[in-house]
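Structure file my_file_9.txt (compact mmCIF, C-alpha atoms (C1' of nucleotides)) follows.
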```txt
# COMPACT_ATOMS: atom_id res chain seq x y z
CA MET I 358 0.00 0.00 0.00
CA ASP I 359 2.82 2.39 0.90
CA ALA I 360 6.38 1.17 1.64
CA MET I 361 7.98 3.66 -0.69
CA THR I 362 11.60 3.42 0.33
CA SER I 363 11.75 1.33 3.43
CA THR I 364 11.20 1.61 7.15
CA ILE I 365 11.47 5.15 8.47
CA ALA I 366 13.62 7.47 6.37
CA LEU I 367 13.66 10.92 7.88
CA PRO I 368 11.80 13.30 5.62
CA LEU I 369 14.17 16.22 5.38
CA LEU I 370 17.39 14.27 5.24
CA ASP I 371 18.43 14.70 1.63
CA ALA I 372 16.13 15.99 -1.03
CA PRO I 373 17.53 15.47 -4.54
CA CYS I 374 14.30 16.65 -6.01
CA CYS I 375 10.79 16.39 -4.56
CA VAL I 376 10.86 19.63 -2.64
CA SER I 377 7.12 20.01 -3.09
CA SER I 378 5.75 21.27 0.25
CA GLY I 379 3.24 23.24 -1.81
CA ASP I 380 -0.25 21.85 -1.39
CA ALA I 381 -2.02 24.79 -2.98
CA ALA I 382 -3.20 22.48 -5.73
CA MET I 383 -6.73 21.51 -6.69
CA ALA I 384 -8.60 19.45 -4.14
CA PRO I 385 -9.62 15.92 -5.18
CA ALA I 386 -13.31 16.68 -4.90
CA GLU I 387 -13.00 19.84 -6.97
CA ALA I 388 -11.00 17.96 -9.59
CA GLU I 389 -13.69 15.31 -9.83
CA THR I 390 -16.45 17.86 -10.22
CA LEU I 391 -14.62 19.83 -12.88
CA ALA I 392 -13.69 16.62 -14.68
CA LYS I 393 -17.33 15.61 -14.83
CA THR I 394 -18.26 18.91 -16.43
CA LEU I 395 -15.37 18.74 -18.88
CA LYS I 396 -16.31 15.17 -19.79
CA ALA I 397 -19.74 16.44 -20.75
CA LEU I 398 -18.11 18.92 -23.12
CA ALA I 399 -15.37 16.63 -24.43
CA ASP I 400 -17.31 15.21 -27.35
CA PRO I 401 -17.51 16.56 -30.90
CA ALA I 402 -21.27 16.11 -31.13
CA ARG I 403 -21.91 17.85 -27.84
CA LEU I 404 -19.55 20.69 -28.67
CA ARG I 405 -21.43 21.24 -31.88
CA ILE I 406 -24.75 21.14 -30.06
CA VAL I 407 -23.54 23.84 -27.69
CA SER I 408 -22.16 25.80 -30.61
CA ILE I 409 -25.42 25.63 -32.57
CA ILE I 410 -27.41 26.78 -29.58
CA ALA I 411 -24.94 29.53 -28.78
CA ALA I 412 -24.93 30.73 -32.38
CA GLN I 413 -28.62 31.58 -32.39
CA ASP I 414 -29.21 32.46 -28.80
CA ALA I 415 -31.85 34.92 -29.86
CA GLY I 416 -34.02 32.34 -28.14
CA ALA I 417 -34.11 28.64 -27.58
CA THR I 418 -33.20 25.99 -30.12
CA CYS I 419 -35.55 23.17 -31.05
CA ALA I 420 -34.26 19.62 -30.80
CA CYS I 421 -35.27 19.06 -34.41
CA ASP I 422 -32.72 21.71 -35.42
CA LEU I 423 -29.95 19.57 -33.99
CA GLN I 424 -30.51 16.21 -35.57
CA GLU I 425 -29.91 17.22 -39.17
CA PRO I 426 -26.66 19.22 -38.91
CA LEU I 427 -25.14 16.59 -36.65
CA GLY I 428 -26.02 13.64 -38.84
CA LEU I 429 -26.88 11.51 -35.85
CA SER I 430 -29.92 9.46 -35.00
CA GLN I 431 -32.69 10.95 -32.90
CA PRO I 432 -31.97 8.84 -29.78
CA THR I 433 -28.32 9.80 -29.93
CA VAL I 434 -29.13 13.50 -30.09
CA SER I 435 -31.52 13.09 -27.18
CA HIS I 436 -28.81 11.32 -25.25
CA HIS I 437 -26.32 14.13 -25.83
CA THR I 438 -28.74 16.83 -24.82
CA LYS I 439 -29.50 14.93 -21.65
CA VAL I 440 -25.80 14.77 -20.80
CA LEU I 441 -25.46 18.50 -21.32
CA VAL I 442 -28.56 19.27 -19.28
CA ASP I 443 -27.40 17.01 -16.45
CA ALA I 444 -24.04 18.78 -16.49
CA GLY I 445 -25.75 22.14 -16.00
CA ILE I 446 -24.73 23.51 -19.37
CA LEU I 447 -28.13 23.49 -21.07
CA THR I 448 -31.70 23.87 -19.93
CA ARG I 449 -34.58 21.97 -21.48
CA GLU I 450 -37.95 23.62 -21.93
CA LYS I 451 -40.80 21.61 -23.38
CA ARG I 452 -43.33 23.52 -25.48
CA GLY I 453 -45.97 21.09 -26.62
CA THR I 454 -44.31 18.19 -28.35
CA TRP I 455 -41.15 20.13 -29.04
CA ALA I 456 -38.18 20.50 -26.74
CA TYR I 457 -36.24 23.76 -26.75
CA PHE I 458 -32.74 24.09 -25.36
CA SER I 459 -30.90 27.16 -24.14
CA LEU I 460 -27.49 27.83 -22.66
CA VAL I 461 -27.35 28.23 -18.90
CA PRO I 462 -26.05 31.78 -18.47
CA GLY I 463 -22.50 31.80 -17.17
CA ALA I 464 -22.05 28.05 -17.25
CA LEU I 465 -19.42 28.02 -19.96
CA ASP I 466 -17.77 31.07 -18.42
CA SER I 467 -17.28 29.33 -15.10
CA VAL I 468 -15.83 26.29 -16.81
CA ALA I 469 -13.40 28.49 -18.71
CA ALA I 470 -12.51 30.33 -15.51
CA ALA I 471 -11.82 27.04 -13.74
CA ILE I 472 -9.47 25.96 -16.50
CA ALA I 473 -7.61 29.24 -16.97
CA PRO I 474 -8.09 31.48 -13.93
CA ARG I 475 -7.18 35.15 -14.23
CA ARG I 476 -6.31 35.13 -17.89
CA MET K 1145 -31.90 7.94 -46.00
CA ASP K 1146 -33.80 11.13 -45.29
CA ALA K 1147 -37.59 11.24 -45.76
CA MET K 1148 -38.25 13.55 -42.88
CA THR K 1149 -41.86 14.36 -43.37
CA SER K 1150 -42.93 12.81 -46.64
CA THR K 1151 -42.69 13.37 -50.40
CA ILE K 1152 -42.12 16.98 -51.29
CA ALA K 1153 -43.39 19.45 -48.70
CA LEU K 1154 -42.49 22.97 -49.72
CA PRO K 1155 -39.86 24.30 -47.35
CA LEU K 1156 -41.36 27.64 -46.34
CA LEU K 1157 -44.93 26.56 -46.19
CA ASP K 1158 -45.49 26.34 -42.49
CA ALA K 1159 -42.60 26.26 -40.12
CA PRO K 1160 -43.75 25.21 -36.64
CA CYS K 1161 -40.21 25.11 -35.50
CA CYS K 1162 -36.97 24.28 -37.35
CA VAL K 1163 -36.26 27.74 -38.69
CA SER K 1164 -32.53 27.17 -38.38
CA SER K 1165 -30.90 28.65 -41.48
CA GLY K 1166 -28.04 29.64 -39.21
CA ASP K 1167 -24.91 27.63 -39.96
CA ALA K 1168 -22.52 29.84 -38.03
CA ALA K 1169 -21.85 26.92 -35.73
CA MET K 1170 -18.60 25.13 -35.00
CA ALA K 1171 -17.14 23.14 -37.87
CA PRO K 1172 -16.92 19.36 -37.41
CA ALA K 1173 -13.13 19.35 -37.65
CA GLU K 1174 -12.79 22.11 -35.10
CA ALA K 1175 -15.18 20.31 -32.78
CA GLU K 1176 -13.14 17.14 -33.02
CA THR K 1177 -9.88 18.96 -32.27
CA LEU K 1178 -11.30 20.81 -29.29
CA ALA K 1179 -12.93 17.62 -28.02
CA LYS K 1180 -9.58 15.85 -28.09
CA THR K 1181 -7.99 18.58 -26.01
CA LEU K 1182 -10.89 18.63 -23.58
CA LYS K 1183 -10.76 14.86 -23.26
CA ALA K 1184 -7.14 15.20 -22.17
CA LEU K 1185 -8.24 17.55 -19.40
CA ALA K 1186 -11.44 15.72 -18.44
CA ASP K 1187 -9.91 13.47 -15.83
CA PRO K 1188 -9.51 14.16 -12.10
CA ALA K 1189 -5.94 12.89 -11.99
CA ARG K 1190 -4.87 14.95 -14.98
CA LEU K 1191 -6.58 18.07 -13.65
CA ARG K 1192 -4.70 17.68 -10.42
CA ILE K 1193 -1.44 17.18 -12.29
CA VAL K 1194 -1.99 20.41 -14.17
CA SER K 1195 -2.99 22.13 -10.95
CA ILE K 1196 0.10 20.97 -9.10
CA ILE K 1197 2.38 22.12 -11.89
CA ALA K 1198 0.56 25.43 -12.20
CA ALA K 1199 0.72 26.01 -8.44
CA GLN K 1200 4.51 26.03 -8.33
CA ASP K 1201 5.34 27.35 -11.73
CA ALA K 1202 8.42 28.96 -10.31
CA GLY K 1203 10.02 26.30 -12.47
CA ALA K 1204 9.37 22.80 -13.62
CA THR K 1205 7.83 20.05 -11.54
CA CYS K 1206 9.50 16.68 -11.12
CA ALA K 1207 7.48 13.57 -11.89
CA CYS K 1208 8.26 12.25 -8.43
CA ASP K 1209 6.32 15.19 -7.00
CA LEU K 1210 3.20 13.95 -8.73
CA GLN K 1211 2.99 10.32 -7.70
CA GLU K 1212 2.55 10.84 -3.99
CA PRO K 1213 -0.21 13.50 -3.88
CA LEU K 1214 -2.17 11.64 -6.52
CA GLY K 1215 -2.00 8.25 -4.84
CA LEU K 1216 -1.52 6.51 -8.15
CA SER K 1217 1.03 4.03 -9.35
CA GLN K 1218 4.10 5.22 -11.22
CA PRO K 1219 3.01 3.82 -14.62
CA THR K 1220 -0.35 5.51 -14.28
CA VAL K 1221 1.22 8.88 -13.54
CA SER K 1222 3.52 8.44 -16.51
CA HIS K 1223 0.53 7.62 -18.68
CA HIS K 1224 -1.33 10.75 -17.61
CA THR K 1225 1.65 12.99 -18.20
CA LYS K 1226 2.05 11.51 -21.65
CA VAL K 1227 -1.56 12.29 -22.47
CA LEU K 1228 -1.12 15.88 -21.34
CA VAL K 1229 2.12 16.27 -23.28
CA ASP K 1230 0.56 14.80 -26.42
CA ALA K 1231 -2.34 17.21 -26.05
CA GLY K 1232 0.06 20.15 -26.02
CA ILE K 1233 -0.72 21.16 -22.46
CA LEU K 1234 2.56 20.14 -20.83
CA THR K 1235 6.18 19.92 -21.92
CA ARG K 1236 8.56 17.23 -20.72
CA GLU K 1237 12.19 18.01 -20.04
CA LYS K 1238 14.55 15.26 -18.95
CA ARG K 1239 17.35 16.22 -16.57
CA GLY K 1240 19.40 13.16 -15.78
CA THR K 1241 17.09 10.47 -14.50
CA TRP K 1242 14.41 12.91 -13.57
CA ALA K 1243 11.65 14.24 -15.78
CA TYR K 1244 10.43 17.78 -15.27
CA PHE K 1245 7.13 19.06 -16.56
CA SER K 1246 6.00 22.61 -17.25
CA LEU K 1247 2.84 24.20 -18.55
CA VAL K 1248 2.84 25.22 -22.19
CA PRO K 1249 2.32 29.00 -22.04
CA GLY K 1250 -1.10 29.96 -23.28
CA ALA K 1251 -2.34 26.44 -23.79
CA LEU K 1252 -4.97 26.54 -21.07
CA ASP K 1253 -5.90 30.07 -22.08
CA SER K 1254 -6.69 29.06 -25.64
CA VAL K 1255 -8.79 26.14 -24.40
CA ALA K 1256 -10.73 28.48 -22.15
CA ALA K 1257 -11.14 30.95 -24.99
CA ALA K 1258 -12.52 28.22 -27.24
CA ILE K 1259 -15.08 27.24 -24.64
CA ALA K 1260 -16.19 30.70 -23.64
CA PRO K 1261 -15.24 33.24 -26.30
CA ARG K 1262 -15.41 36.93 -25.42
CA ARG K 1263 -16.27 36.52 -21.77
C1' DG L 388 31.34 -3.23 -15.12
C1' DC L 389 27.48 -3.50 -11.89
C1' DA L 390 23.87 -2.36 -8.78
C1' DA L 391 20.43 1.11 -7.84
C1' DC L 392 17.33 4.50 -9.26
C1' DA L 393 13.77 7.18 -12.20
C1' DC L 394 10.91 6.89 -15.73
C1' DA L 395 8.68 4.81 -20.04
C1' DT L 396 6.44 1.04 -22.32
C1' DC L 397 3.73 -3.29 -22.67
C1' DG L 398 -0.14 -6.38 -21.83
C1' DA L 399 -4.21 -7.18 -19.53
C1' DC L 400 -8.31 -6.29 -16.87
C1' DG L 401 -12.79 -3.92 -15.75
C1' DC L 402 -15.45 -0.10 -16.68
C1' DT L 403 -17.44 3.70 -19.15
C1' DC L 404 -18.90 5.88 -23.40
C1' DG L 405 -21.06 6.77 -28.07
C1' DT L 406 -24.05 4.86 -31.15
C1' DC L 407 -28.09 2.65 -32.99
C1' DA L 408 -32.77 -0.01 -33.54
C1' DA L 409 -36.77 -0.83 -31.05
C1' DT L 410 -40.09 0.71 -27.91
C1' DA L 411 -42.43 3.75 -24.63
C1' DT L 412 -44.23 8.30 -23.42
C1' DT L 413 -46.21 12.59 -24.08
C1' DG L 414 -48.89 16.17 -26.39
C1' DA L 415 -51.78 17.86 -30.42
C1' DC L 416 -55.60 17.33 -33.40
C1' DG L 417 -59.42 15.34 -35.70
C1' DC M 386 -61.16 8.19 -28.36
C1' DG M 387 -57.75 7.21 -31.81
C1' DT M 388 -54.07 8.55 -34.71
C1' DC M 389 -50.00 10.91 -35.61
C1' DA M 390 -45.76 13.56 -34.53
C1' DA M 391 -41.80 14.75 -31.44
C1' DT M 392 -39.08 13.28 -27.92
C1' DA M 393 -37.39 10.17 -24.16
C1' DT M 394 -36.05 5.63 -22.60
C1' DT M 395 -34.30 0.86 -22.98
C1' DG M 396 -31.12 -2.73 -24.36
C1' DA M 397 -27.27 -4.06 -26.81
C1' DC M 398 -22.91 -3.77 -29.10
C1' DG M 399 -18.15 -2.23 -30.14
C1' DA M 400 -14.58 1.00 -29.04
C1' DG M 401 -11.96 3.54 -25.93
C1' DC M 402 -10.22 4.75 -21.22
C1' DG M 403 -8.02 4.36 -16.47
C1' DT M 404 -5.55 1.41 -13.75
C1' DC M 405 -2.15 -1.88 -12.43
C1' DG M 406 1.91 -5.37 -12.40
C1' DA M 407 5.73 -6.70 -15.01
C1' DT M 408 9.34 -5.42 -17.84
C1' DG M 409 12.40 -2.41 -20.65
C1' DT M 410 15.52 1.78 -21.12
C1' DG M 411 18.65 5.08 -19.80
C1' DT M 412 21.38 7.47 -16.08
C1' DT M 413 23.97 7.92 -11.76
C1' DG M 414 27.38 6.36 -8.55
C1' DC M 415 30.42 2.95 -6.47
```
Would you write the structure of this file as structure tokens?
Amino acid sequence: MDAMTSTIALPLLDAPCCVSSGDAAMAPAEAETLAKTLKALADPARLRIVSIIAAQDAGATCACDLQEPLGLSQPTVSHHTKVLVDAGILTREKRGTWAYFSLVPGALDSVAAAIAPRR
Amino acid sequence: MDAMTSTIALPLLDAPCCVSSGDAAMAPAEAETLAKTLKALADPARLRIVSIIAAQDAGATCACDLQEPLGLSQPTVSHHTKVLVDAGILTREKRGTWAYFSLVPGALDSVAAAIAPRR
DNA sequence: GCAACACATCGACGCTCGTCAATATTGACG
DNA sequence: CGTCAATATTGACGAGCGTCGATGTGTTGC
């Protein structure tokens, strides 16, 4: 499980490299959360879905507007939109039989800020 | 292959939804490239690797500084660093037996800019 | 030269993901 | 109520991913 070197090995005896001591890194829980969001975006079809919706954000985008430009089957498009909605990137609004999707305001911005803070 | 509604169906007859006509979306090739980069980042271990290196960017970070905080085996850490290097996010520099990693300047910024342009 | 170390590569295992055909569900309209 | 259209869900399949142990490669030091 551990047993890196051997028994005890005083920590600060000789440090050839491995000075570290800086634990100002990302916490495991935060890394997992951000990874889940990035996984939702890390797909060509889903990136294009977000791009199509963002391009005409004069309102919401109908699901039927997504199937054709993507060249994917209807269940696959529905699956991708569900992933994006579950990740908090899109919102689904049902009007009659049609489903309209919009970007969650600030969602992409916060993802970008988490990746490249203070750019 | 298509046959959405039926035979002919004049396009602008009645448009209940599906107005589209806007093809200012992301190109398929661009979506695939960005997805590949995002896939490299969409992993908790790799996010923490990037975070650790970014936290002490006073110089390069030794690979031995990564294994312990991540709690992963040495081959797994080496695999993750290779993925990040191949994605153009990190650079590897070998000094003797040790391998030092640094952030590629501007790499994370361009990813963030691709996700959330003009924020 | 040889042992010890740091890291990379290989092979294998379980698990997740993207995709589709088939089916169910929901709402609109006679 | 019954039919049709739009979407969601299910089940299945192949491909890819994350992880590890074992092994290979190159460097340091005696």
message: Show me, as number ranges by chain, the residues of chain L whose atoms get within 10 Å of chain K, using only C-alpha atoms (C1' of nucleotides) for the distance check.
response: L: 392-396
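Relative to C1' of DA397 in chain M, CA of Ala402 in chain I is found at 21.5 Å.
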query: So which one's closest to DA407 in chain M, L:DA391, L:DA415, L:DC404, L:DC397? Using all atoms listed in the file, please.
result: L:DC397
task: Dump as a list of chain:residue names the residues of chain K that approach chain I to within 7 Å, counting all atoms listed in the file.
output: K:Cys1161, K:Cys1162, K:Ser1164, K:Ala1168, K:Ala1169, K:Met1170, K:Ala1175, K:Glu1176, K:Ala1179, K:Lys1180, K:Leu1182, K:Lys1183, K:Ala1186, K:Asp1187, K:Pro1188, K:Leu1191, K:Arg1192, K:Ser1195, K:Ile1196, K:Ala1199, K:Cys1206, K:Cys1208, K:Asp1209, K:Leu1252, K:Asp1253, K:Ala1256, K:Ile1259, K:Ala1260, K:Arg1263
Using all atoms listed in the file, tabulate the residues of chain M lying at most 8 Å from any atom of chain K, each with its closest atom pair and that distance in Å to one decimal, by chain and increasing residue number, as CSV.
```
residue,atom,partner,partner_atom,distance
M:DT404,C1',K:Thr1220,CA,6.6
M:DC405,C1',K:Ser1217,CA,7.4
M:DG411,C1',K:Thr1241,CA,7.7
M:DT412,C1',K:Thr1241,CA,5.5
M:DT413,C1',K:Thr1241,CA,7.8
```
message: Neighbouring residues of DG396 in chain M were defined as those with any atom within 12 Å, considering only C-alpha atoms (C1' of nucleotides); residues of the same chain fewer than 2 positions away were excluded. Please report them as a PyMOL selection string.
response: (chain L and resi 407-410) or (chain M and resi 394+398)
task: State, in Å with one decimal place, the distance from C1' of DT403 in chain L to CA of Leu460 in chain I.
output: 26.4 Å
May I have the centre and edge lengths, in Å to one decimal, of an axis-aligned box around the listed atoms of range 405-417 of chain L with 4 Å added to every side, as AutoDock Vina command-line options?
```
--center_x -40.2 --center_y 8.5 --center_z -29.6 --size_x 46.4 --size_y 26.7 --size_z 20.3
```
task: Using C1' of DC389 in chain L and C1' of DG414 in chain M as the two end points, give the distance in Å to one decimal.
output: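 One can read the C1' of DC389 in chain L to C1' of DG414 in chain M distance as 10.4 Å.
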message: Which residues are near Phe1245 in chain K? Cut-off 6 Å, all atoms listed in the file, ignore same chain within fewer than 2 positions. Put them as a VMD selection string.
response: chain K and resid 1204 to 1205 1235 to 1236
Can I get a file of range 390-413 of chain L from the given structure, C-alpha atoms (C1' of nucleotides) kept, as a tab-separated table (two decimals), in the first residue's frame?
```
chain	number	residue	atom	x	y	z
L	390	DA	C1'	23.87	-2.36	-8.78
L	391	DA	C1'	20.43	1.11	-7.84
L	392	DC	C1'	17.33	4.50	-9.26
L	393	DA	C1'	13.77	7.18	-12.20
L	394	DC	C1'	10.91	6.89	-15.73
L	395	DA	C1'	8.68	4.81	-20.04
L	396	DT	C1'	6.44	1.04	-22.32
L	397	DC	C1'	3.73	-3.29	-22.67
L	398	DG	C1'	-0.14	-6.38	-21.83
L	399	DA	C1'	-4.21	-7.18	-19.53
L	400	DC	C1'	-8.31	-6.29	-16.87
L	401	DG	C1'	-12.79	-3.92	-15.75
L	402	DC	C1'	-15.45	-0.10	-16.68
L	403	DT	C1'	-17.44	3.70	-19.15
L	404	DC	C1'	-18.90	5.88	-23.40
L	405	DG	C1'	-21.06	6.77	-28.07
L	406	DT	C1'	-24.05	4.86	-31.15
L	407	DC	C1'	-28.09	2.65	-32.99
L	408	DA	C1'	-32.77	-0.01	-33.54
L	409	DA	C1'	-36.77	-0.83	-31.05
L	410	DT	C1'	-40.09	0.71	-27.91
L	411	DA	C1'	-42.43	3.75	-24.63
L	412	DT	C1'	-44.23	8.30	-23.42
L	413	DT	C1'	-46.21	12.59	-24.08
```
